[in-house]
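Undergrad: Structure: start34.csv, CSV, C-alpha atoms and all ligand atoms.
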chain,number,residue,atom,x,y,z
A,110,MET,CA,12.5,25.5,-10.8
A,111,HIS,CA,11.3,23.5,-13.8
A,112,ILE,CA,7.8,22.2,-13.8
A,113,HIS,CA,9.1,18.6,-14.0
A,114,ASP,CA,10.9,19.1,-10.7
A,115,LEU,CA,7.6,19.6,-8.9
A,116,PRO,CA,6.2,16.9,-6.6
A,117,THR,CA,3.0,15.3,-8.1
A,118,PRO,CA,0.1,15.4,-8.3
A,119,ALA,CA,0.4,19.2,-8.7
A,120,LEU,CA,-2.0,21.8,-10.0
A,121,ILE,CA,-0.5,23.9,-12.8
A,122,VAL,CA,-1.8,27.2,-14.2
A,123,ASP,CA,-0.2,28.4,-17.4
A,124,ARG,CA,0.3,32.2,-17.0
A,125,LYS,CA,0.2,33.1,-20.7
A,126,ARG,CA,-2.9,31.1,-21.4
A,127,LEU,CA,-4.6,32.5,-18.3
A,128,LYS,CA,-3.7,36.0,-19.4
A,129,ASN,CA,-5.1,35.5,-22.9
A,130,ASN,CA,-8.3,34.1,-21.5
A,131,LEU,CA,-8.7,36.9,-19.0
A,132,GLU,CA,-8.1,39.5,-21.7
A,133,SER,CA,-10.4,37.9,-24.2
A,134,MET,CA,-13.4,38.0,-21.9
A,135,ALA,CA,-12.5,41.5,-20.7
A,136,GLU,CA,-12.7,42.5,-24.4
A,137,VAL,CA,-16.0,40.8,-24.9
A,138,ALA,CA,-17.5,42.9,-22.0
A,139,ALA,CA,-15.8,46.1,-23.0
A,140,ALA,CA,-16.9,45.8,-26.7
A,141,ALA,CA,-20.5,45.2,-25.6
A,142,LYS,CA,-20.3,48.0,-23.0
A,143,VAL,CA,-21.4,45.7,-20.2
A,144,LYS,CA,-19.8,45.2,-16.8
A,145,LEU,CA,-17.9,42.0,-16.2
A,146,ARG,CA,-18.4,40.4,-12.7
A,147,PRO,CA,-16.6,37.1,-13.1
A,148,HIS,CA,-17.7,34.1,-11.0
A,149,ILE,CA,-14.6,33.2,-8.9
A,150,LYS,CA,-15.9,29.6,-8.1
A,151,THR,CA,-13.6,28.5,-10.9
A,152,HIS,CA,-10.3,29.8,-9.6
A,153,LYS,CA,-11.1,30.6,-5.9
A,154,SER,CA,-7.9,32.7,-5.9
A,155,PRO,CA,-7.7,36.4,-4.8
A,156,PHE,CA,-4.6,36.7,-7.0
A,157,ILE,CA,-6.6,36.0,-10.1
A,158,ALA,CA,-9.6,38.0,-8.8
A,159,HIS,CA,-7.4,41.1,-8.5
A,160,TRP,CA,-6.0,40.5,-12.0
A,161,GLN,CA,-9.6,40.4,-13.3
A,162,GLN,CA,-10.3,43.7,-11.5
A,163,GLU,CA,-7.2,45.3,-13.1
A,164,LEU,CA,-8.6,44.3,-16.5
A,165,GLY,CA,-11.8,46.1,-15.8
A,166,ALA,CA,-14.0,43.8,-13.8
A,167,CYS,CA,-16.5,45.6,-11.5
A,168,GLY,CA,-16.2,43.1,-8.7
A,169,VAL,CA,-16.7,39.3,-8.3
A,170,THR,CA,-19.5,36.8,-8.1
A,171,VAL,CA,-19.4,34.1,-5.5
A,172,ALA,CA,-21.4,31.0,-4.6
A,173,THR,CA,-20.4,30.3,-1.0
A,174,ILE,CA,-20.1,32.5,2.1
A,175,ASP,CA,-16.5,31.3,2.5
A,176,GLU,CA,-15.7,32.6,-1.0
A,177,ALA,CA,-17.3,35.9,-0.1
A,178,GLU,CA,-15.3,36.3,3.0
A,179,ILE,CA,-12.0,35.3,1.5
A,180,MET,CA,-12.5,37.7,-1.4
A,181,VAL,CA,-13.3,40.6,1.0
A,182,TYR,CA,-10.5,39.8,3.4
A,183,ASN,CA,-8.1,39.9,0.5
A,184,GLY,CA,-9.2,43.3,-0.7
A,185,ILE,CA,-12.0,42.7,-3.3
A,186,LYS,CA,-14.5,45.6,-2.7
A,187,ASP,CA,-17.7,44.5,-4.5
A,188,ILE,CA,-19.2,41.1,-4.1
A,189,PHE,CA,-22.3,39.5,-5.5
A,190,MET,CA,-23.4,36.3,-3.8
A,191,ALA,CA,-25.4,34.5,-6.5
A,192,TYR,CA,-26.8,31.8,-4.2
A,193,PRO,CA,-30.0,31.7,-2.2
A,194,MET,CA,-29.9,32.4,1.5
A,195,ALA,CA,-31.6,29.7,3.6
A,196,GLU,CA,-29.8,29.9,6.9
A,197,VAL,CA,-29.6,32.8,9.4
A,198,HIS,CA,-26.0,32.2,10.3
A,199,ARG,CA,-24.9,32.5,6.7
A,200,ALA,CA,-27.1,35.6,6.2
A,201,GLU,CA,-25.5,37.1,9.3
A,202,ARG,CA,-22.0,36.5,8.0
A,203,LEU,CA,-23.0,38.3,4.8
A,204,ALA,CA,-24.6,41.2,6.7
A,205,ARG,CA,-21.3,41.6,8.7
A,206,LEU,CA,-19.4,41.5,5.5
A,207,SER,CA,-21.4,44.3,4.1
A,208,ARG,CA,-19.8,46.6,6.7
A,209,LEU,CA,-16.5,46.0,4.9
A,210,ALA,CA,-17.4,46.0,1.2
A,211,LYS,CA,-20.3,46.5,-1.2
A,212,VAL,CA,-22.3,43.3,-0.9
A,213,SER,CA,-25.3,42.1,-2.8
A,214,VAL,CA,-27.1,38.7,-2.8
A,215,GLY,CA,-29.5,36.8,-4.9
A,216,VAL,CA,-33.0,35.8,-3.7
A,217,ASP,CA,-35.8,33.7,-5.2
A,218,SER,CA,-38.2,33.3,-2.2
A,219,LYS,CA,-40.0,35.2,0.6
A,220,ALA,CA,-38.4,32.9,3.1
A,221,GLY,CA,-35.0,34.0,1.8
A,222,VAL,CA,-36.0,37.6,2.2
A,223,SER,CA,-37.1,37.0,5.8
A,224,ILE,CA,-33.8,35.5,6.7
A,225,LEU,CA,-31.9,38.4,5.1
A,226,ALA,CA,-34.2,40.9,6.9
A,227,GLU,CA,-33.4,39.3,10.2
A,228,ALA,CA,-29.6,39.5,9.5
A,229,VAL,CA,-29.6,43.1,8.3
A,230,SER,CA,-31.7,44.3,11.2
A,231,LYS,CA,-29.4,42.5,13.7
A,232,TYR,CA,-26.2,44.1,12.3
A,233,ASP,CA,-27.7,47.4,11.1
A,234,ALA,CA,-26.4,46.4,7.7
A,235,HIS,CA,-27.2,47.3,4.1
A,236,LEU,CA,-27.4,44.6,1.4
A,237,GLY,CA,-28.2,44.9,-2.3
A,238,VAL,CA,-30.6,42.3,-3.5
A,239,LEU,CA,-31.1,40.8,-7.0
A,240,ILE,CA,-34.1,38.6,-7.8
A,241,GLU,CA,-33.1,35.4,-9.6
A,242,ILE,CA,-34.9,34.6,-12.8
A,243,ASP,CA,-35.1,31.1,-14.3
A,244,THR,CA,-34.4,31.5,-18.0
A,245,GLY,CA,-34.3,27.8,-18.8
A,246,LEU,CA,-31.7,26.1,-16.6
A,247,HIS,CA,-34.6,25.1,-14.2
A,248,ARG,CA,-32.3,25.2,-11.1
A,249,THR,CA,-33.1,28.2,-8.9
A,250,GLY,CA,-35.0,31.3,-9.7
A,251,LEU,CA,-38.5,32.5,-10.6
A,252,ALA,CA,-40.0,32.2,-14.1
A,253,SER,CA,-43.2,34.3,-13.8
A,254,ALA,CA,-43.1,38.1,-13.9
A,255,GLU,CA,-46.0,38.2,-11.4
A,256,ASN,CA,-44.1,36.1,-8.9
A,257,VAL,CA,-41.0,38.4,-9.4
A,258,ALA,CA,-43.1,41.5,-8.9
A,259,GLU,CA,-44.6,40.0,-5.7
A,260,LEU,CA,-41.1,39.3,-4.3
A,261,ALA,CA,-40.0,42.8,-5.3
A,262,ARG,CA,-42.8,44.2,-3.2
A,263,THR,CA,-41.7,42.1,-0.2
A,264,ILE,CA,-38.1,43.2,-0.6
A,265,SER,CA,-38.9,46.8,-0.9
A,266,LYS,CA,-40.7,46.8,2.5
A,267,VAL,CA,-37.5,45.7,4.4
A,268,PRO,CA,-35.2,48.4,5.7
A,269,GLY,CA,-31.6,47.5,5.0
A,270,LEU,CA,-32.4,45.6,1.8
A,271,GLU,CA,-32.1,47.5,-1.5
A,272,LEU,CA,-33.6,45.9,-4.6
A,273,ARG,CA,-30.8,46.5,-7.2
A,274,GLY,CA,-31.8,44.3,-10.0
A,275,VAL,CA,-32.5,40.9,-11.5
A,276,PHE,CA,-30.1,38.1,-12.4
A,277,THR,CA,-30.0,34.8,-14.2
A,278,HIS,CA,-27.5,32.0,-15.2
A,279,ALA,CA,-28.0,30.1,-18.4
A,280,GLY,CA,-26.0,27.0,-17.3
A,281,HIS,CA,-27.9,25.0,-19.8
A,282,ALA,CA,-25.6,26.6,-22.5
A,283,HIS,CA,-22.9,24.2,-21.3
A,284,GLY,CA,-23.1,21.2,-23.7
A,285,ALA,CA,-24.9,23.2,-26.4
A,286,ASP,CA,-23.4,23.7,-29.9
A,287,ALA,CA,-22.7,27.1,-31.4
A,288,GLU,CA,-26.3,27.6,-32.7
A,289,GLY,CA,-27.7,26.4,-29.4
A,290,ARG,CA,-25.5,28.8,-27.4
A,291,THR,CA,-26.6,31.7,-29.4
A,292,ARG,CA,-30.2,30.8,-29.0
A,293,ILE,CA,-29.9,30.2,-25.2
A,294,GLY,CA,-27.8,33.4,-24.7
A,295,GLN,CA,-30.4,35.5,-26.7
A,296,ALA,CA,-33.3,34.1,-24.7
A,297,GLU,CA,-31.3,34.5,-21.4
A,298,GLY,CA,-30.9,38.2,-22.1
A,299,GLU,CA,-34.4,38.9,-23.6
A,300,ILE,CA,-36.3,37.2,-20.8
A,301,THR,CA,-34.3,38.9,-18.0
A,302,VAL,CA,-34.5,42.4,-19.7
A,303,GLU,CA,-38.3,42.0,-20.1
A,304,ILE,CA,-38.8,41.1,-16.5
A,305,ALA,CA,-36.6,44.1,-15.5
A,306,GLN,CA,-38.7,46.4,-17.6
A,307,SER,CA,-41.9,45.1,-16.1
A,308,LEU,CA,-40.5,45.8,-12.6
A,309,ARG,CA,-39.5,49.3,-13.7
A,310,LYS,CA,-43.0,49.9,-15.0
A,311,ALA,CA,-44.3,48.8,-11.6
A,312,GLY,CA,-42.1,51.5,-9.9
A,313,PHE,CA,-39.0,49.5,-8.9
A,314,PRO,CA,-35.8,51.3,-9.7
A,315,ILE,CA,-34.0,48.3,-11.3
A,316,GLN,CA,-30.4,49.1,-12.1
A,317,GLU,CA,-28.8,45.7,-12.8
A,318,VAL,CA,-29.7,43.1,-15.3
A,319,SER,CA,-27.0,40.5,-14.6
A,320,THR,CA,-26.6,37.5,-16.8
A,321,GLY,CA,-24.1,35.0,-18.2
A,322,SER,CA,-22.3,31.8,-18.2
A,323,THR,CA,-19.1,31.2,-20.2
A,324,PRO,CA,-20.8,29.6,-23.2
A,325,SER,CA,-23.6,32.3,-23.4
A,326,ALA,CA,-21.5,35.3,-22.4
A,327,ALA,CA,-20.6,36.6,-25.9
A,328,THR,CA,-24.2,36.5,-27.1
A,329,VAL,CA,-26.0,37.7,-23.9
A,330,ALA,CA,-23.6,40.6,-23.6
A,331,GLN,CA,-25.0,42.0,-26.9
A,332,VAL,CA,-28.7,41.9,-25.8
A,333,PRO,CA,-29.8,45.5,-25.3
A,334,GLY,CA,-30.7,46.1,-21.6
A,335,VAL,CA,-28.2,43.6,-20.2
A,336,THR,CA,-25.9,45.5,-17.8
A,337,GLU,CA,-23.5,42.8,-16.6
A,338,ILE,CA,-22.1,39.4,-17.4
A,339,ARG,CA,-20.8,36.8,-14.9
A,340,PRO,CA,-18.8,34.1,-16.7
A,341,GLY,CA,-16.4,31.9,-14.6
A,342,THR,CA,-15.0,28.9,-16.4
A,343,TYR,CA,-13.4,31.1,-19.1
A,344,VAL,CA,-10.4,31.8,-17.0
A,345,PHE,CA,-9.1,28.3,-17.5
A,346,ASN,CA,-11.3,26.6,-20.1
A,347,ASP,CA,-11.4,22.8,-19.9
A,348,GLY,CA,-12.3,19.6,-21.8
A,349,SER,CA,-16.0,20.3,-21.6
A,350,LEU,CA,-15.6,23.7,-23.4
A,351,VAL,CA,-13.3,22.2,-26.0
A,352,ALA,CA,-15.9,19.5,-26.7
A,353,ILE,CA,-18.5,22.1,-27.6
A,354,GLY,CA,-16.0,24.1,-29.8
A,355,LEU,CA,-15.9,27.1,-27.5
A,356,ALA,CA,-12.2,26.7,-26.8
A,357,ASN,CA,-9.3,24.7,-28.2
A,358,TRP,CA,-6.8,22.7,-26.2
A,359,GLN,CA,-4.2,25.5,-26.5
A,360,GLN,CA,-6.5,27.8,-24.6
A,361,CYS,CA,-6.8,25.4,-21.6
A,362,ALA,CA,-4.8,27.1,-18.8
A,363,LEU,CA,-5.3,24.5,-16.0
A,364,THR,CA,-3.6,21.1,-15.8
A,365,VAL,CA,-2.8,18.5,-13.3
A,366,LEU,CA,0.9,17.4,-13.4
A,367,ALA,CA,1.2,13.7,-12.7
A,368,THR,CA,3.9,11.0,-12.7
A,369,VAL,CA,3.8,7.6,-14.4
A,370,VAL,CA,4.0,5.2,-11.5
A,371,SER,CA,3.4,1.9,-13.2
A,372,LYS,CA,3.4,0.4,-16.7
A,373,PRO,CA,2.2,-3.1,-16.2
A,374,GLY,CA,1.6,-3.9,-19.8
A,375,SER,CA,2.2,-2.4,-23.2
A,376,ASN,CA,-1.3,-1.0,-23.3
A,377,ARG,CA,-1.8,0.3,-19.8
A,378,CYS,CA,-0.1,3.2,-18.1
A,379,ILE,CA,-0.8,4.3,-14.5
A,380,LEU,CA,-0.5,7.9,-13.3
A,381,ASP,CA,-0.5,9.3,-9.7
A,382,CYS,CA,-3.7,11.4,-10.3
A,383,GLY,CA,-7.0,9.8,-9.4
A,384,SER,CA,-10.4,11.1,-8.4
A,385,LYS,CA,-8.8,13.0,-5.5
A,386,SER,CA,-6.9,15.2,-7.9
A,387,LEU,CA,-8.7,15.0,-11.3
A,388,ALA,CA,-12.3,14.7,-10.0
A,389,SER,CA,-14.8,12.2,-11.4
A,390,ASP,CA,-16.7,14.6,-13.6
A,391,LYS,CA,-17.7,13.0,-16.9
A,392,GLN,CA,-18.6,15.5,-19.6
A,393,LYS,CA,-20.6,15.1,-22.7
A,394,GLY,CA,-18.3,14.9,-25.8
A,395,VAL,CA,-15.0,14.3,-23.9
A,396,PRO,CA,-13.8,10.7,-23.5
A,397,GLY,CA,-12.6,9.6,-20.0
A,398,PHE,CA,-11.6,11.8,-17.1
A,399,GLY,CA,-9.0,14.2,-18.5
A,400,THR,CA,-6.9,14.6,-21.7
A,401,ILE,CA,-3.1,14.5,-22.0
A,402,LYS,CA,-1.7,18.0,-22.9
A,403,GLY,CA,0.2,17.8,-26.1
A,404,GLN,CA,-1.2,14.3,-26.9
A,405,GLU,CA,-4.9,15.2,-27.0
A,406,THR,CA,-6.0,11.9,-28.6
A,407,THR,CA,-5.1,10.2,-25.3
A,408,SER,CA,-7.3,10.4,-22.3
A,409,ILE,CA,-7.5,9.0,-18.8
A,410,SER,CA,-9.8,5.9,-19.2
A,411,TRP,CA,-10.7,5.4,-15.5
A,412,LEU,CA,-9.9,6.5,-12.0
A,413,ASN,CA,-9.4,5.2,-8.5
A,414,GLU,CA,-8.8,7.6,-5.7
A,415,GLU,CA,-5.0,7.9,-6.4
A,416,HIS,CA,-4.7,6.1,-9.7
A,417,GLY,CA,-5.4,7.5,-13.2
A,418,VAL,CA,-5.4,4.7,-15.8
A,419,ILE,CA,-4.6,5.2,-19.5
A,420,GLU,CA,-5.7,2.2,-21.5
A,421,GLY,CA,-4.6,1.5,-25.1
A,422,ASP,CA,-1.7,2.9,-27.0
A,423,SER,CA,0.1,5.5,-24.9
A,424,PRO,CA,3.4,7.2,-25.7
A,425,HIS,CA,4.3,7.3,-22.0
A,426,GLN,CA,6.9,4.6,-21.6
A,427,GLY,CA,9.0,5.4,-18.6
A,428,ILE,CA,8.1,5.1,-14.9
A,429,GLY,CA,8.9,8.5,-13.4
A,430,GLU,CA,7.9,10.4,-16.6
A,431,LYS,CA,5.8,13.5,-16.0
A,432,VAL,CA,2.6,14.2,-17.8
A,433,GLU,CA,0.1,17.1,-17.7
A,434,ILE,CA,-3.6,16.4,-17.9
A,435,ILE,CA,-6.3,18.9,-18.9
A,436,PRO,CA,-9.3,18.3,-16.7
A,437,ASN,CA,-12.8,17.8,-18.1
A,438,HIS,CA,-14.2,20.3,-15.5
A,439,ALA,CA,-11.7,22.9,-14.3
A,440,CYS,CA,-13.7,24.3,-11.4
A,441,THR,CA,-14.0,21.0,-9.4
A,442,VAL,CA,-10.3,20.2,-9.9
A,443,MET,CA,-9.2,23.6,-8.6
A,444,ASN,CA,-11.2,23.0,-5.5
A,445,LEU,CA,-9.3,19.8,-4.8
A,446,PHE,CA,-5.9,21.4,-4.3
A,447,ASP,CA,-4.5,23.7,-1.5
A,448,GLU,CA,-2.3,25.6,-3.9
A,449,TYR,CA,-1.4,25.9,-7.6
A,450,TYR,CA,1.8,26.6,-9.4
A,451,LEU,CA,1.9,29.5,-11.8
A,452,VAL,CA,4.1,28.4,-14.7
A,453,GLU,CA,5.5,30.1,-17.8
A,454,ASP,CA,7.4,28.2,-20.6
A,455,GLY,CA,7.9,25.3,-18.2
A,456,ILE,CA,9.4,27.5,-15.4
A,457,VAL,CA,7.6,27.8,-12.0
A,458,LEU,CA,7.0,31.5,-11.2
A,459,ALA,CA,5.0,31.2,-8.0
A,460,ARG,CA,3.1,28.8,-5.6
A,461,ILE,CA,-0.2,30.4,-4.9
A,462,PRO,CA,-3.0,29.3,-2.4
A,463,VAL,CA,-6.4,28.3,-3.6
A,464,ALA,CA,-7.5,30.4,-0.8
A,465,ALA,CA,-11.3,30.0,-1.1
A,466,ARG,CA,-11.4,26.3,-1.7
A,467,GLY,CA,-13.8,24.0,0.3
A,468,HIS,CA,-16.3,24.8,3.0
A,469,ARG,CA,-14.5,26.0,6.0
A,470,HIS,CA,-17.0,28.0,8.0
A,471,LEU,CA,-14.4,30.7,9.0
A,472,ILE,CA,-16.6,32.3,11.6
A,501,LIG,C1,-25.1,31.9,-10.7
A,501,LIG,C2,-23.9,31.6,-11.6
A,501,LIG,N1,-23.4,32.7,-12.3
A,501,LIG,C3,-22.4,32.5,-13.2
A,501,LIG,C4,-21.8,31.2,-13.3
A,501,LIG,C5,-20.6,31.1,-14.2
A,501,LIG,O1,-20.8,30.3,-15.3
A,501,LIG,P1,-19.7,29.4,-16.1
A,501,LIG,O2,-19.3,28.4,-15.2
A,501,LIG,O3,-20.4,28.9,-17.3
A,501,LIG,O4,-18.6,30.3,-16.5
A,501,LIG,C6,-22.3,30.2,-12.6
A,501,LIG,C7,-21.7,28.8,-12.7
A,501,LIG,O5,-22.0,27.9,-12.1
A,501,LIG,C8,-23.4,30.3,-11.7
A,501,LIG,O6,-23.9,29.3,-11.0
Take the structure in this file and express it as structure tokens.

TA:
Amino acid sequence: MHIHDLPTPALIVDRKRLKNNLESMAEVAAAAKVKLRPHIKTHKSPFIAHWQQELGACGVTVATIDEAEIMVYNGIKDIFMAYPMAEVHRAERLARLSRLAKVSVGVDSKAGVSILAEAVSKYDAHLGVLIEIDTGLHRTGLASAENVAELARTISKVPGLELRGVFTHAGHAHGADAEGRTRIGQAEGEITVEIAQSLRKAGFPIQEVSTGSTPSAATVAQVPGVTEIRPGTYVFNDGSLVAIGLANWQQCALTVLATVVSKPGSNRCILDCGSKSLASDKQKGVPGFGTIKGQETTSISWLNEEHGVIEGDSPHQGIGEKVEIIPNHACTVMNLFDEYYLVEDGIVLARIPVAARGHRHLI
């Protein structure tokens, strides 16, 4: 089947571009001799997660308990849940999962440790724990070495919890220029390694120093003492990464295929992709809500739920014409679809579920 025979809106993954992106990041990790534990929140697809493992990844990173379960149920053996645990039922699901795979989880509070302690004791489970360090994003995580050491002491008293390391995420590297990304990646690595060292001095056997975002990965991987990087968005790239010069349009592997449904005037063209298929994310440096593949000076000017409106000169004349749109933010778009089409040279190779999308509370 040709891509243009698909019903729209449809989510498209270009196999060659995906392969190149997967291989490039695998090479970054291999060259720096660090482990690669990709964040699967971008693709939410066990098919891609297995491809990443075949290219050398040591496991996956997840944000939600649904993602963790879907990955384990589909054969991924090593999971790191990089998200704080604040509910007993979620911690219990994670504890049960640890009977099926190697599971570790991030913490940044004593309350989080108590919840994990309750869950591991109930299920006689074993969970690895990594303390989250704030290296400048100012989202979750602890910034002071004393607070980290105190939390390490709390964790070490809990049977069933094994303090494996520290982790951080320099999400503030998104939006930074090349110089800013290098500076942020360097600081991300150095701060985390220094805290790991102080924990080791205090007697904690810290094995993992886990860092990374897509924009900081190449720099932080080179910082001595970093053991693992966790980029996610690199699998597809998107408008936001093109805007900061980290990728070019030809490296963007994810698109939304849409149909021209109306052309009411010479300078307005309406597509059947609105906020329910392209997401409303605005990104610094990218105009509008998505960019037309092959016509990258044209973007979607505004969205309603099922309408994407191109204003101004547009080459799309005919109602029924198909257009591919590169999203501004790949991860949120992936989460909006039940399945994606894997495509090579315009030919559809497979229809694959976005198995871990949404919040489904499986158990
Ligand atoms: C904790 C954590 N690690 C890794 C990543 C992956 O970063 P990126 O999206 O820049 O690839 C994210 C992204 O949200 C994250 O929150």

Undergrad: Between chain A and ligand LIG 501 (chain A), at 7 Å or less, what are the per-residue closest atom pairs and their distances in Å? Count only C-alpha atoms and all ligand atoms, order by chain and rising residue number, and return it as CSV.

TA:
residue,atom,partner,partner_atom,distance
A:His148,CA,A:LIG501,C5,5.3
A:Ala191,CA,A:LIG501,C1,4.9
A:Tyr192,CA,A:LIG501,C1,6.7
A:Thr277,CA,A:LIG501,C1,6.7
A:His278,CA,A:LIG501,N1,5.1
A:Gly280,CA,A:LIG501,O3,5.9
A:His283,CA,A:LIG501,O3,6.7
A:Gly321,CA,A:LIG501,C3,5.8
A:Ser322,CA,A:LIG501,O3,3.6
A:Thr323,CA,A:LIG501,O4,3.8
A:Pro324,CA,A:LIG501,O3,6.0
A:Arg339,CA,A:LIG501,C3,4.9
A:Pro340,CA,A:LIG501,O4,3.8
A:Gly341,CA,A:LIG501,O4,3.3
A:Thr342,CA,A:LIG501,O4,3.9
A:Tyr343,CA,A:LIG501,O4,5.9

Undergrad: Selection from above, C-alpha atoms, as a PDB file, in the coordinates of the input, can you write it?

TA:
ATOM      1  CA  HIS A 148     -17.700  34.100 -11.000  1.00  0.00           C
ATOM      2  CA  ALA A 191     -25.400  34.500  -6.500  1.00  0.00           C
ATOM      3  CA  TYR A 192     -26.800  31.800  -4.200  1.00  0.00           C
ATOM      4  CA  THR A 277     -30.000  34.800 -14.200  1.00  0.00           C
ATOM      5  CA  HIS A 278     -27.500  32.000 -15.200  1.00  0.00           C
ATOM      6  CA  GLY A 280     -26.000  27.000 -17.300  1.00  0.00           C
ATOM      7  CA  HIS A 283     -22.900  24.200 -21.300  1.00  0.00           C
ATOM      8  CA  GLY A 321     -24.100  35.000 -18.200  1.00  0.00           C
ATOM      9  CA  SER A 322     -22.300  31.800 -18.200  1.00  0.00           C
ATOM     10  CA  THR A 323     -19.100  31.200 -20.200  1.00  0.00           C
ATOM     11  CA  PRO A 324     -20.800  29.600 -23.200  1.00  0.00           C
ATOM     12  CA  ARG A 339     -20.800  36.800 -14.900  1.00  0.00           C
ATOM     13  CA  PRO A 340     -18.800  34.100 -16.700  1.00  0.00           C
ATOM     14  CA  GLY A 341     -16.400  31.900 -14.600  1.00  0.00           C
ATOM     15  CA  THR A 342     -15.000  28.900 -16.400  1.00  0.00           C
ATOM     16  CA  TYR A 343     -13.400  31.100 -19.100  1.00  0.00           C
TER      17      TYR A 343
END

Undergrad: Neighbouring residues of stretch 325-329 of chain A were defined as those with any atom within 8 Å, considering all atoms listed in the file; residues of the same chain fewer than 2 positions away were excluded. Please report them as JSON, numbers by chain.

TA: {"A": [137, 279, 282, 290, 291, 293, 294, 295, 297, 298, 320, 321, 322, 323, 331, 332, 335, 338, 339, 340]}

Undergrad: Using only C-alpha atoms, pick whichever of A:Asp454, A:Gly399, A:Ile419, A:Ala367 has the shortest atom-to-atom distance to A:Pro118.

TA: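 Looking only at the distances to A:Pro118, the closest residue turns out to be A:Ala367.
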
Undergrad: So that I can check the surroundings of stretch 388-393 of chain A, please list as a PDB file with C-alpha atoms, in the frame of the given file every protein, DNA and RNA residue that reaches within 7 Å of it, counting all atoms listed in the file and ignoring chain neighbours fewer than 3 positions away.

TA:
ATOM      1  CA  GLY A 284     -23.100  21.200 -23.700  1.00  0.00           C
ATOM      2  CA  SER A 349     -16.000  20.300 -21.600  1.00  0.00           C
ATOM      3  CA  SER A 384     -10.400  11.100  -8.400  1.00  0.00           C
ATOM      4  CA  LYS A 385      -8.800  13.000  -5.500  1.00  0.00           C
ATOM      5  CA  GLY A 397     -12.600   9.600 -20.000  1.00  0.00           C
ATOM      6  CA  PHE A 398     -11.600  11.800 -17.100  1.00  0.00           C
ATOM      7  CA  ASN A 437     -12.800  17.800 -18.100  1.00  0.00           C
ATOM      8  CA  HIS A 438     -14.200  20.300 -15.500  1.00  0.00           C
ATOM      9  CA  THR A 441     -14.000  21.000  -9.400  1.00  0.00           C
ATOM     10  CA  VAL A 442     -10.300  20.200  -9.900  1.00  0.00           C
TER      11      VAL A 442
END

Undergrad: Which residue gives the smallest distance to A:Cys361 among A:Leu239, A:Ile401, A:Ala200, A:Leu270, with all atoms listed in the file counted?

TA: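 Among the listed residues, the smallest separation from A:Cys361 belongs to A:Ile401.
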
Undergrad: Taking all atoms listed in the file into account, which of A:Glu255, A:Ala261, A:Pro333, A:Thr368 comes nearest A:Ile315?

TA: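 Smallest separation from A:Ile315 among the options: A:Ala261.
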
Undergrad: Considering only C-alpha atoms, state which residue in the set A:Ile409, A:Ala464, A:Leu451, A:Val344 is at the smallest distance from A:Val181.

TA: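 When distances to A:Val181 are compared using only C-alpha atoms, the smallest one comes from A:Ala464.
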
Undergrad: Put the listed atoms of stretch 190-203 of chain A in a box along x, y and z with 5 Å added on every side and give me the centre and edge lengths in Å to one decimal, as JSON.

TA:
{"center_x": -26.8, "center_y": 34.0, "center_z": 1.9, "size_x": 19.6, "size_y": 18.6, "size_z": 26.8}

Undergrad: Separation of atom CA of A:Lys125 and atom CA of A:Gly383, in Å?

TA: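 Straight-line distance from atom CA of A:Lys125 to atom CA of A:Gly383 works out to 26.9 Å.
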
Undergrad: Can you tell me how far atom CA of A:Val143 sits from atom CA of A:Gly289, in Å to one decimal?

TA: 22.3 Å

Undergrad: Using all atoms listed in the file, which residue out of A:Val418, A:Ala296, A:Val463, A:Ile242 lies closest to A:Gly374?

TA: A:Val418

Undergrad: Write out as a PyMOL selection string the residues lying within 10 Å of A:Gln162, counting only C-alpha atoms and excluding same-chain residues fewer than 2 positions away.

TA: chain A and resi 135+145-147+157-160+164-169+185-186

Undergrad: Counting all atoms listed in the file, figure out which residue out of A:Ala195, A:Ala356, A:Ile174, A:Cys382 gets nearest to A:Pro116.

TA: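 Among the listed residues, the smallest separation from A:Pro116 belongs to A:Cys382.
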
Undergrad: To one decimal place, how far is atom CA of A:Ala330 from atom CA of A:Asn444 in Å?

TA: 28.1 Å

Undergrad: Quick one: everything within 9 Å of A:Pro268, counting only C-alpha atoms, minus sequence neighbours fewer than 3 positions away in the same chain. Send it as a PyMOL selection string.

TA: chain A and resi 226+229-230+235+264-265+271

Undergrad: Export, as a compact mmCIF listing (two decimals), in the coordinates of the input, the selected residues with C-alpha atoms.

TA:
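So part02.txt came out as:
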# COMPACT_ATOMS: atom_id res chain seq x y z
CA ALA A 226 -34.20 40.90 6.90
CA VAL A 229 -29.60 43.10 8.30
CA SER A 230 -31.70 44.30 11.20
CA HIS A 235 -27.20 47.30 4.10
CA ILE A 264 -38.10 43.20 -0.60
CA SER A 265 -38.90 46.80 -0.90
CA GLU A 271 -32.10 47.50 -1.50

Undergrad: At a cut-off of 7 Å, using only C-alpha atoms, what residues contact A:Val197? Leave out same-chain residues fewer than 3 positions from it and give the result as a list in words.

TA: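 Counting only C-alpha atoms, the residues come to Ala200, Glu201, Ile224 and Ala228 of chain A.
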